[in-house]
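S.K.: Following this message is one structure expressed as structure tokens.
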Protein chains: 2
Amino acid sequence: MDKPNQLPEILSLSVSAQSRLFTIEQVELKFSNGVERQYERMRSGGHGAVMVVPLLDEKTMLLIREYACGTHTYELGFVKGLIDPGETPEQAANRELQEEIGYGASKFTKLKSLAMAPTYFGSTMHIFIAEELYEQRLEGDEPEPLEVVQWPLAGIDNLMVQQDFNDARCVAALLMAQTRLAI
Amino acid sequence: MDKPNQLPEILSLSVSAQSRLFTIEQVELKFSNGVERQYERMRSGGHGAVMVVPLLDEKTMLLIREYACGTHTYELGFVKGLIDPGETPEQAANRELQEEIGYGASKFTKLKSLAMAPTYFGSTMHIFIAEELYEQRLEGDEPEPLEVVQWPLAGIDNLMVQQDFNDARCVAALLMAQTRLAI
């Protein structure tokens, strides 16, 4: 399992479609065995994103229920957001907490950095546990107040079967937190 | 936590950019509090996707190392692929196994269906454990043979810290399999 793979050569790179938020690139590749392929991917801009599992106390985590446009449903999940220019991931995590649930945190523990779907996207999301919360609210850009949901750490199995708890990144964050906290 | 949310009204829906693989939609929304917003999302086509955690025996799972264009890296992860028209998720899982690692499986256990990033995408990925493997190969459309990696189930902690094991869906699948198999 230690054989190094030789990356394919990028023969050309061009923008094949562009909208307000998204830029789609066409990539012409030549693999090390000589095979050539045309792929498409989303251009990754920005500074990455964060997701936070906040612990209100030793027995309770905080989730939000938020409208998701991709699925046109309300989804249960963790606080998340993009890192602004000049912010560290921890600073972004603390800002998003204050904007989305009205708490800051004094202690952040990094769990892992995750890719969303590396076949098509280059973006990275840093996952944190936040502890030692304090009440502090920052104005966010949400179109409506987010519903904050207290969930018992003892009820992780129940959370996993909720019909509106679906985001792969939230499932990964939850189960990594469970491992880390030895629940 | 049982308050039903009233979905925003979709005022209009239009295609804002389109490439060979991707269609980006612009969505005009009116939230139940009267706030209007313009969002963008990827149109979800197709029949969803599958990801499979295959167990070679009671102590060993199989991963693949595959080129990921979005990150331009080789990534360690599980067998995955799109569901073809007319296939059940289990049939797609069995076909992808045969194409990517040269095994079929007699037993599939569904773990959960995951969304990728429901803010922007509507697609669903069904996650399975595959057991009772048998050697059988189908021709896939990969540009180069995939590297198949045997990983001990006792080494999940080690897998989690590998620098090329990053996909949120793979992390979720691994930790759900760990819970299900009571490792």
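All residue names refer to the structure tokens as shown: chains lettered A, B, ... in order, residues numbered from 1 in each chain, ligands numbered from 1 in order.
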Least-squares fit on all C-alpha atoms, paired in order: put chain A onto chain B and return it as a PDB file with C-alpha atoms, in the first residue's frame.

M.R.:
```
ATOM      1  CA  MET A   1     -37.445  19.884  18.240  1.00  0.00           C
ATOM      2  CA  ASP A   2     -40.695  18.813  16.597  1.00  0.00           C
ATOM      3  CA  LYS A   3     -41.771  22.193  15.273  1.00  0.00           C
ATOM      4  CA  PRO A   4     -42.505  21.771  11.582  1.00  0.00           C
ATOM      5  CA  ASN A   5     -40.745  24.294   9.362  1.00  0.00           C
ATOM      6  CA  GLN A   6     -42.697  25.836   6.537  1.00  0.00           C
ATOM      7  CA  LEU A   7     -40.619  25.475   3.356  1.00  0.00           C
ATOM      8  CA  PRO A   8     -39.832  28.661   1.445  1.00  0.00           C
ATOM      9  CA  GLU A   9     -41.814  29.238  -1.727  1.00  0.00           C
ATOM     10  CA  ILE A  10     -39.879  28.811  -4.980  1.00  0.00           C
ATOM     11  CA  LEU A  11     -40.723  31.990  -6.918  1.00  0.00           C
ATOM     12  CA  SER A  12     -38.680  31.066  -9.982  1.00  0.00           C
ATOM     13  CA  LEU A  13     -36.161  28.530 -11.210  1.00  0.00           C
ATOM     14  CA  SER A  14     -33.798  29.015 -14.150  1.00  0.00           C
ATOM     15  CA  VAL A  15     -30.581  27.564 -15.531  1.00  0.00           C
ATOM     16  CA  SER A  16     -27.717  29.974 -14.922  1.00  0.00           C
ATOM     17  CA  ALA A  17     -24.868  27.865 -16.347  1.00  0.00           C
ATOM     18  CA  GLN A  18     -24.476  24.491 -17.994  1.00  0.00           C
ATOM     19  CA  SER A  19     -21.556  22.254 -18.921  1.00  0.00           C
ATOM     20  CA  ARG A  20     -21.269  18.685 -20.153  1.00  0.00           C
ATOM     21  CA  LEU A  21     -21.792  17.218 -16.660  1.00  0.00           C
ATOM     22  CA  PHE A  22     -23.208  20.012 -14.541  1.00  0.00           C
ATOM     23  CA  THR A  23     -26.309  22.194 -14.643  1.00  0.00           C
ATOM     24  CA  ILE A  24     -26.427  25.127 -12.240  1.00  0.00           C
ATOM     25  CA  GLU A  25     -29.840  26.500 -11.310  1.00  0.00           C
ATOM     26  CA  GLN A  26     -30.729  29.904  -9.986  1.00  0.00           C
ATOM     27  CA  VAL A  27     -33.546  29.704  -7.454  1.00  0.00           C
ATOM     28  CA  GLU A  28     -35.571  32.689  -6.255  1.00  0.00           C
ATOM     29  CA  LEU A  29     -37.032  31.927  -2.840  1.00  0.00           C
ATOM     30  CA  LYS A  30     -39.490  33.598  -0.491  1.00  0.00           C
ATOM     31  CA  PHE A  31     -39.095  32.441   3.107  1.00  0.00           C
ATOM     32  CA  SER A  32     -42.133  32.133   5.382  1.00  0.00           C
ATOM     33  CA  ASN A  33     -41.121  35.379   7.123  1.00  0.00           C
ATOM     34  CA  GLY A  34     -41.366  37.231   3.811  1.00  0.00           C
ATOM     35  CA  VAL A  35     -37.593  37.516   3.163  1.00  0.00           C
ATOM     36  CA  GLU A  36     -36.664  36.893  -0.475  1.00  0.00           C
ATOM     37  CA  ARG A  37     -33.291  35.434  -1.515  1.00  0.00           C
ATOM     38  CA  GLN A  38     -31.562  34.261  -4.663  1.00  0.00           C
ATOM     39  CA  TYR A  39     -29.691  30.965  -4.274  1.00  0.00           C
ATOM     40  CA  GLU A  40     -27.726  28.777  -6.647  1.00  0.00           C
ATOM     41  CA  ARG A  41     -27.715  25.002  -6.646  1.00  0.00           C
ATOM     42  CA  MET A  42     -26.631  22.102  -8.830  1.00  0.00           C
ATOM     43  CA  ARG A  43     -29.489  20.356 -10.597  1.00  0.00           C
ATOM     44  CA  SER A  44     -29.551  16.774  -9.401  1.00  0.00           C
ATOM     45  CA  GLY A  45     -30.039  14.366 -12.227  1.00  0.00           C
ATOM     46  CA  GLY A  46     -29.644  10.640 -12.342  1.00  0.00           C
ATOM     47  CA  HIS A  47     -30.625   7.960  -9.921  1.00  0.00           C
ATOM     48  CA  GLY A  48     -28.250   8.600  -7.033  1.00  0.00           C
ATOM     49  CA  ALA A  49     -25.022   6.835  -6.178  1.00  0.00           C
ATOM     50  CA  VAL A  50     -23.669   4.037  -4.008  1.00  0.00           C
ATOM     51  CA  MET A  51     -20.627   3.523  -1.787  1.00  0.00           C
ATOM     52  CA  VAL A  52     -19.561   0.082  -0.572  1.00  0.00           C
ATOM     53  CA  VAL A  53     -17.430  -1.068   2.387  1.00  0.00           C
ATOM     54  CA  PRO A  54     -16.424  -4.591   1.230  1.00  0.00           C
ATOM     55  CA  LEU A  55     -15.260  -7.164   3.778  1.00  0.00           C
ATOM     56  CA  LEU A  56     -12.844  -9.682   2.274  1.00  0.00           C
ATOM     57  CA  ASP A  57     -13.015 -11.698   5.487  1.00  0.00           C
ATOM     58  CA  GLU A  58     -13.856 -11.077   9.147  1.00  0.00           C
ATOM     59  CA  LYS A  59     -10.687  -9.090   9.684  1.00  0.00           C
ATOM     60  CA  THR A  60     -10.087  -7.241   6.404  1.00  0.00           C
ATOM     61  CA  MET A  61     -11.792  -4.566   4.349  1.00  0.00           C
ATOM     62  CA  LEU A  62     -10.904  -3.532   0.817  1.00  0.00           C
ATOM     63  CA  LEU A  63     -10.227   0.045  -0.261  1.00  0.00           C
ATOM     64  CA  ILE A  64      -9.090   1.558  -3.528  1.00  0.00           C
ATOM     65  CA  ARG A  65      -6.619   4.292  -4.317  1.00  0.00           C
ATOM     66  CA  GLU A  66      -7.927   6.365  -7.217  1.00  0.00           C
ATOM     67  CA  TYR A  67      -7.121   9.625  -8.963  1.00  0.00           C
ATOM     68  CA  ALA A  68      -9.421  12.476  -7.874  1.00  0.00           C
ATOM     69  CA  CYS A  69      -9.578  15.328 -10.359  1.00  0.00           C
ATOM     70  CA  GLY A  70     -11.128  17.864  -7.945  1.00  0.00           C
ATOM     71  CA  THR A  71      -8.073  17.767  -5.697  1.00  0.00           C
ATOM     72  CA  HIS A  72      -5.559  16.483  -8.313  1.00  0.00           C
ATOM     73  CA  THR A  73      -4.397  13.828  -5.859  1.00  0.00           C
ATOM     74  CA  TYR A  74      -4.665  10.066  -5.451  1.00  0.00           C
ATOM     75  CA  GLU A  75      -7.221   9.379  -2.735  1.00  0.00           C
ATOM     76  CA  LEU A  76      -7.785   6.307  -0.600  1.00  0.00           C
ATOM     77  CA  GLY A  77     -11.450   5.421  -0.278  1.00  0.00           C
ATOM     78  CA  PHE A  78     -14.240   2.954  -0.841  1.00  0.00           C
ATOM     79  CA  VAL A  79     -15.721   1.631  -4.076  1.00  0.00           C
ATOM     80  CA  LYS A  80     -18.376   4.054  -5.323  1.00  0.00           C
ATOM     81  CA  GLY A  81     -20.311   4.962  -8.425  1.00  0.00           C
ATOM     82  CA  LEU A  82     -23.535   6.145  -9.975  1.00  0.00           C
ATOM     83  CA  ILE A  83     -26.666   4.005 -10.150  1.00  0.00           C
ATOM     84  CA  ASP A  84     -27.545   3.183 -13.765  1.00  0.00           C
ATOM     85  CA  PRO A  85     -31.142   3.457 -15.030  1.00  0.00           C
ATOM     86  CA  GLY A  86     -33.140   0.379 -14.015  1.00  0.00           C
ATOM     87  CA  GLU A  87     -30.689  -0.728 -11.316  1.00  0.00           C
ATOM     88  CA  THR A  88     -31.516  -1.069  -7.634  1.00  0.00           C
ATOM     89  CA  PRO A  89     -28.907   0.445  -5.301  1.00  0.00           C
ATOM     90  CA  GLU A  90     -27.777  -3.108  -4.350  1.00  0.00           C
ATOM     91  CA  GLN A  91     -27.344  -4.039  -8.033  1.00  0.00           C
ATOM     92  CA  ALA A  92     -25.301  -0.887  -8.634  1.00  0.00           C
ATOM     93  CA  ALA A  93     -23.184  -1.683  -5.573  1.00  0.00           C
ATOM     94  CA  ASN A  94     -22.518  -5.207  -6.835  1.00  0.00           C
ATOM     95  CA  ARG A  95     -21.641  -3.960 -10.338  1.00  0.00           C
ATOM     96  CA  GLU A  96     -19.269  -1.280  -9.034  1.00  0.00           C
ATOM     97  CA  LEU A  97     -17.516  -3.848  -6.828  1.00  0.00           C
ATOM     98  CA  GLN A  98     -16.948  -6.099  -9.843  1.00  0.00           C
ATOM     99  CA  GLU A  99     -15.734  -3.208 -11.999  1.00  0.00           C
ATOM    100  CA  GLU A 100     -13.457  -1.588  -9.444  1.00  0.00           C
ATOM    101  CA  ILE A 101     -11.996  -4.437  -7.368  1.00  0.00           C
ATOM    102  CA  GLY A 102     -12.897  -7.665  -9.172  1.00  0.00           C
ATOM    103  CA  TYR A 103     -15.284  -9.075  -6.569  1.00  0.00           C
ATOM    104  CA  GLY A 104     -19.015  -9.580  -6.382  1.00  0.00           C
ATOM    105  CA  ALA A 105     -20.814  -9.982  -3.053  1.00  0.00           C
ATOM    106  CA  SER A 106     -23.770 -12.108  -1.939  1.00  0.00           C
ATOM    107  CA  LYS A 107     -24.726 -10.017   1.084  1.00  0.00           C
ATOM    108  CA  PHE A 108     -25.339  -6.264   1.216  1.00  0.00           C
ATOM    109  CA  THR A 109     -26.291  -4.426   4.404  1.00  0.00           C
ATOM    110  CA  LYS A 110     -27.547  -0.856   3.988  1.00  0.00           C
ATOM    111  CA  LEU A 111     -26.088   1.564   6.525  1.00  0.00           C
ATOM    112  CA  LYS A 112     -27.713   4.889   5.595  1.00  0.00           C
ATOM    113  CA  SER A 113     -28.407   7.191   2.665  1.00  0.00           C
ATOM    114  CA  LEU A 114     -26.293  10.330   2.746  1.00  0.00           C
ATOM    115  CA  ALA A 115     -26.568  13.745   1.142  1.00  0.00           C
ATOM    116  CA  MET A 116     -23.335  15.286  -0.101  1.00  0.00           C
ATOM    117  CA  ALA A 117     -23.858  18.939   0.754  1.00  0.00           C
ATOM    118  CA  PRO A 118     -27.607  19.583   0.786  1.00  0.00           C
ATOM    119  CA  THR A 119     -27.163  23.348   0.651  1.00  0.00           C
ATOM    120  CA  TYR A 120     -26.087  23.023  -2.980  1.00  0.00           C
ATOM    121  CA  PHE A 121     -26.749  19.444  -4.136  1.00  0.00           C
ATOM    122  CA  GLY A 122     -29.777  17.198  -4.216  1.00  0.00           C
ATOM    123  CA  SER A 123     -27.978  13.934  -4.855  1.00  0.00           C
ATOM    124  CA  THR A 124     -28.143  10.923  -2.542  1.00  0.00           C
ATOM    125  CA  MET A 125     -25.520   8.232  -1.900  1.00  0.00           C
ATOM    126  CA  HIS A 126     -26.558   4.880  -0.425  1.00  0.00           C
ATOM    127  CA  ILE A 127     -23.917   3.317   1.825  1.00  0.00           C
ATOM    128  CA  PHE A 128     -23.538  -0.472   2.111  1.00  0.00           C
ATOM    129  CA  ILE A 129     -21.402  -3.084   3.794  1.00  0.00           C
ATOM    130  CA  ALA A 130     -20.724  -5.966   1.350  1.00  0.00           C
ATOM    131  CA  GLU A 131     -19.946  -9.458   2.666  1.00  0.00           C
ATOM    132  CA  GLU A 132     -19.582 -12.988   1.242  1.00  0.00           C
ATOM    133  CA  LEU A 133     -17.347 -11.840  -1.626  1.00  0.00           C
ATOM    134  CA  TYR A 134     -16.620 -13.961  -4.702  1.00  0.00           C
ATOM    135  CA  GLU A 135     -14.127 -13.278  -7.462  1.00  0.00           C
ATOM    136  CA  GLN A 136     -15.793 -11.809 -10.540  1.00  0.00           C
ATOM    137  CA  ARG A 137     -14.620  -8.968 -12.726  1.00  0.00           C
ATOM    138  CA  LEU A 138     -16.596  -6.628 -14.972  1.00  0.00           C
ATOM    139  CA  GLU A 139     -14.975  -4.140 -17.329  1.00  0.00           C
ATOM    140  CA  GLY A 140     -15.309  -0.601 -15.971  1.00  0.00           C
ATOM    141  CA  ASP A 141     -14.564   2.754 -17.548  1.00  0.00           C
ATOM    142  CA  GLU A 142     -11.530   3.618 -15.433  1.00  0.00           C
ATOM    143  CA  PRO A 143      -8.611   5.169 -17.341  1.00  0.00           C
ATOM    144  CA  GLU A 144      -6.126   3.012 -15.404  1.00  0.00           C
ATOM    145  CA  PRO A 145      -6.381  -0.049 -13.135  1.00  0.00           C
ATOM    146  CA  LEU A 146      -7.331   0.927  -9.584  1.00  0.00           C
ATOM    147  CA  GLU A 147      -4.962   0.032  -6.783  1.00  0.00           C
ATOM    148  CA  VAL A 148      -6.801  -2.276  -4.352  1.00  0.00           C
ATOM    149  CA  VAL A 149      -5.697  -1.895  -0.737  1.00  0.00           C
ATOM    150  CA  GLN A 150      -6.386  -4.460   1.992  1.00  0.00           C
ATOM    151  CA  TRP A 151      -6.901  -2.788   5.364  1.00  0.00           C
ATOM    152  CA  PRO A 152      -7.284  -4.590   8.701  1.00  0.00           C
ATOM    153  CA  LEU A 153     -10.535  -3.845  10.525  1.00  0.00           C
ATOM    154  CA  ALA A 154      -8.380  -3.581  13.654  1.00  0.00           C
ATOM    155  CA  GLY A 155      -6.574  -0.632  12.011  1.00  0.00           C
ATOM    156  CA  ILE A 156      -9.444   1.853  11.658  1.00  0.00           C
ATOM    157  CA  ASP A 157      -7.716   4.444  13.873  1.00  0.00           C
ATOM    158  CA  ASN A 158      -4.684   4.257  11.596  1.00  0.00           C
ATOM    159  CA  LEU A 159      -6.832   4.642   8.469  1.00  0.00           C
ATOM    160  CA  MET A 160      -8.476   7.753   9.935  1.00  0.00           C
ATOM    161  CA  VAL A 161      -5.115   9.558  10.131  1.00  0.00           C
ATOM    162  CA  GLN A 162      -3.915   8.660   6.617  1.00  0.00           C
ATOM    163  CA  GLN A 163      -3.255  11.844   4.652  1.00  0.00           C
ATOM    164  CA  ASP A 164      -5.046  10.495   1.563  1.00  0.00           C
ATOM    165  CA  PHE A 165      -8.194   9.323   3.405  1.00  0.00           C
ATOM    166  CA  ASN A 166     -10.246  12.525   3.320  1.00  0.00           C
ATOM    167  CA  ASP A 167     -13.617  12.089   1.636  1.00  0.00           C
ATOM    168  CA  ALA A 168     -16.380  12.939   4.146  1.00  0.00           C
ATOM    169  CA  ARG A 169     -18.542  10.162   2.683  1.00  0.00           C
ATOM    170  CA  CYS A 170     -15.755   7.593   3.171  1.00  0.00           C
ATOM    171  CA  VAL A 171     -15.194   8.735   6.767  1.00  0.00           C
ATOM    172  CA  ALA A 172     -18.943   8.493   7.449  1.00  0.00           C
ATOM    173  CA  ALA A 173     -19.115   5.037   5.796  1.00  0.00           C
ATOM    174  CA  LEU A 174     -16.101   3.761   7.735  1.00  0.00           C
ATOM    175  CA  LEU A 175     -17.381   4.909  11.132  1.00  0.00           C
ATOM    176  CA  MET A 176     -20.930   3.666  10.443  1.00  0.00           C
ATOM    177  CA  ALA A 177     -19.475   0.276   9.476  1.00  0.00           C
ATOM    178  CA  GLN A 178     -17.371   0.298  12.638  1.00  0.00           C
ATOM    179  CA  THR A 179     -20.507   0.875  14.717  1.00  0.00           C
ATOM    180  CA  ARG A 180     -22.526  -1.737  12.837  1.00  0.00           C
ATOM    181  CA  LEU A 181     -19.822  -4.378  13.041  1.00  0.00           C
ATOM    182  CA  ALA A 182     -19.179  -3.490  16.709  1.00  0.00           C
ATOM    183  CA  ILE A 183     -15.431  -3.248  16.136  1.00  0.00           C
TER     184      ILE A 183
END
```

S.K.: Write out as JSON, numbers by chain all residues of region 2-182 of chain B that backbone DSSP assigns to strand (DSSP E or B).

M.R.: {"B": [9, 10, 11, 12, 13, 14, 15, 16, 17, 18, 23, 24, 25, 26, 27, 28, 29, 30, 36, 37, 38, 39, 40, 41, 42, 49, 50, 51, 52, 53, 54, 55, 56, 57, 60, 61, 62, 63, 64, 65, 66, 67, 68, 73, 74, 75, 76, 77, 79, 80, 81, 82, 103, 104, 105, 106, 107, 108, 109, 110, 111, 112, 113, 114, 115, 124, 125, 126, 127, 128, 129, 130, 131, 132, 133, 134, 135, 147, 148, 149, 150, 151, 152, 167]}

S.K.: Quick check for you: according to DSSP on this backbone, which residues of region 2-179 of chain B are classed as helix (DSSP H, G or I)? Reply as a ChimeraX atom specification.

M.R.: /B:89-100,153-160,168-179
